[in-house]
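The block underneath contains the structure these notes are about, expressed in structure tokens.
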Amino acid sequence: MDSKALITLNHIDVTFQQNQQTALHAVKDASLTINKGDIYGIIGDSGAGKSTLVRTINLLQRPTNGDVFVNQQNLTTLSAADLRQARKKIGMIFQHFNLMASRTIEENIVFSIKRSALSKKQQHEKAQQLLAYVGLLDKKDVYPRQLSGGQKQRVAIARALANNPEILISDEATSALDPKTTNTILDLLKRLNSELNLTIVLITHELSVAKKICNKLAVMQHGEILEQNETLRIFTQPQNPETATFITQASAENRVLQQLIGQQTATERLFLLTYEANTANQTLLVDLYQDYQVIPKVIYSTTEMIQGRLITKTLISLTENYPESLIPALQQRGIQIMQQTKEA
Ligand SMILES: Nc1ncnc2c1ncn2[C@@H]1O[C@H](COP(=O)(O)OP(=O)(O)O)[C@@H](O)[C@H]1O
Ligand SMILES: [Mg+2]
């Protein structure tokens with residue numbers, strides 16, 4: 001096994017028995033490796049099996065088949081007491097925060113360490129340190145209902161850190177928040193990753209979230225992991241055609257693209273190019289003219305930052321008699337090219 005690996009899921013299956021006849025295969029033969037220090041994203045549509053897969057990491061969900069290794073320890077073979085210990089090293093945060101409404105913010109955090117070796121006084125000191133860390137010490141005596149969504153998620157993060165975990169699992173933790181608050185929570189997660197060397201497993205259906213903070217991604221669809229790779233690679237050179245389709249369809253500009261694609265004439269062919277906005281690619285369209293004498297029409301172009309790199313997507317139109325060798329030549333240059341047709 002890879003020595004940097006902190007979490008290894010080996011051929012995980014999860015089947016839910018619906019009734020006597022039918023079973024739902026929520027996770028199918030999923031394997032992945034997460035290294036120490038990763039911010040590892042699991043992306044996919046709702047119902048893809050993301051939560052079920054991630055809940056096997058601390059065995060909140062026992063896999064029907066397969067093994068779960070955390071720190072080289074096979075959790076599926078541990079005694080109940082050892083599993084309780086191992087779980088302490090894995091914190092979790094959720095979309096709906098899961099705070100206890102009848103306890104103050106400080107008491108919410110103390111609650112999760114009340115059986116630890118710390119004295120009562122130390123537990124309160126620890127809770128206050130954590131609240132200070134997430135910028136909420138002044139709110140220690142208020143109740144969850146008195147906080148905004150972003151503040152509640154900060155409390156949930158502070159609580160998840162109370163047992164000094166090595167791993168934080170974030171299951172759609174920003175999905176109920178507005179974009180600006182989402183960014184402040186993502187910044188906080190990044191800080192935990194760099195300052196505390198916390199490994200983060202982050203489930204999201206929002207591609208913008210994955211682009212912003214994950215260094216690696218696994219793409220799930222219908223219970224299967226389609227592909228796993230560095231975030232930049234997933235968005236610029238997906239290896240699996242289904243991944244390419246998923247990331248295009250789930251992207252914010254897809255509606256614009258569909259509108260433009262709908263307007264194409266019978267003699268036009270539309271291609272979506274994805275490439276890094278570097279010097280070599282600045283002359284891309286000129287090169288197409290020089291090498292093939294084709295004049296690509298630019299219909300739409302956008303650039304965004306992924307893992308600190310500038311990535312451009314350009315929708316071009318070519319006449320139907322374009323030279324076929326143009327496509328492999330672009331791929332050779334590391335440009336992802338997808339022909340676009342009207343969605344059925
Ligand atoms: N405890 C459960 N019992 C039965 N079916 C479940 C259970 N948990 C999840 N499922 C089903 O498994 C599939 C995957 O769900 P989930 O892992 O929550 O997907 P995601 O997190 O990607 O939205 C869905 O069809 C869901 O209805
Ligand atoms: Mg889920």
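If you're wondering about the labels, chains in the structure tokens are A, B, ... by order shown, residues count from 1 in each chain, ligands from 1 in order shown.
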Q | Protein and nucleic acid residues within 12 Å of ligand 2 (only C-alpha atoms and all ligand atoms) as a ChimeraX atom specification | A | /A:26,42-55,94-96,169-173,175,202-206,220,223
Q: For stretch 325-334 of chain A, work out the shell of residues within 12 Å, counting only C-alpha atoms and skipping chain neighbours fewer than 4 positions away, then give it as a list of chain:residue names.
A: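 In the requested format, the answer is A:Arg233, A:Thr236, A:Gln237, A:Pro238, A:Phe271, A:Leu272, A:Leu273, A:Thr274, A:Tyr275, A:Glu276, A:Ala277, A:Asn278, A:Ala280, A:Asn281, A:Leu284, A:Leu285, A:Asp287, A:Leu288, A:Tyr289, A:Gln290, A:Asp291, A:Tyr292, A:Gln293, A:Val294, A:Pro296, A:Leu318, A:Asn321, A:Met338, A:Gln339.
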Q: Identify, on the basis of only C-alpha atoms, every residue whose closest approach to A:His25 does not exceed 8 Å; exclude the query and any residue fewer than 3 positions from it along the same chain; express the result as a PyMOL selection string.
A: chain A and resi 13-16+28+223
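Within stretch 65-109 of chain A, DSSP run on the backbone puts these residues in helix (DSSP H, G or I): Leu75, Thr76, Thr77, Ala80, Ala81, Asp82, Leu83, Arg84, Gln85, Ala86, Arg87, Lys88, Ile105, Glu106, Glu107, Asn108 and Ile109 of chain A.
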Q: Considering only C-alpha atoms, state which residue in the set A:Ile225, A:Ala117, A:Ile337, A:Val209 is at the smallest distance from A:Thr248.
A: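 Using only C-alpha atoms, A:Thr248 sits closest to A:Ile337.
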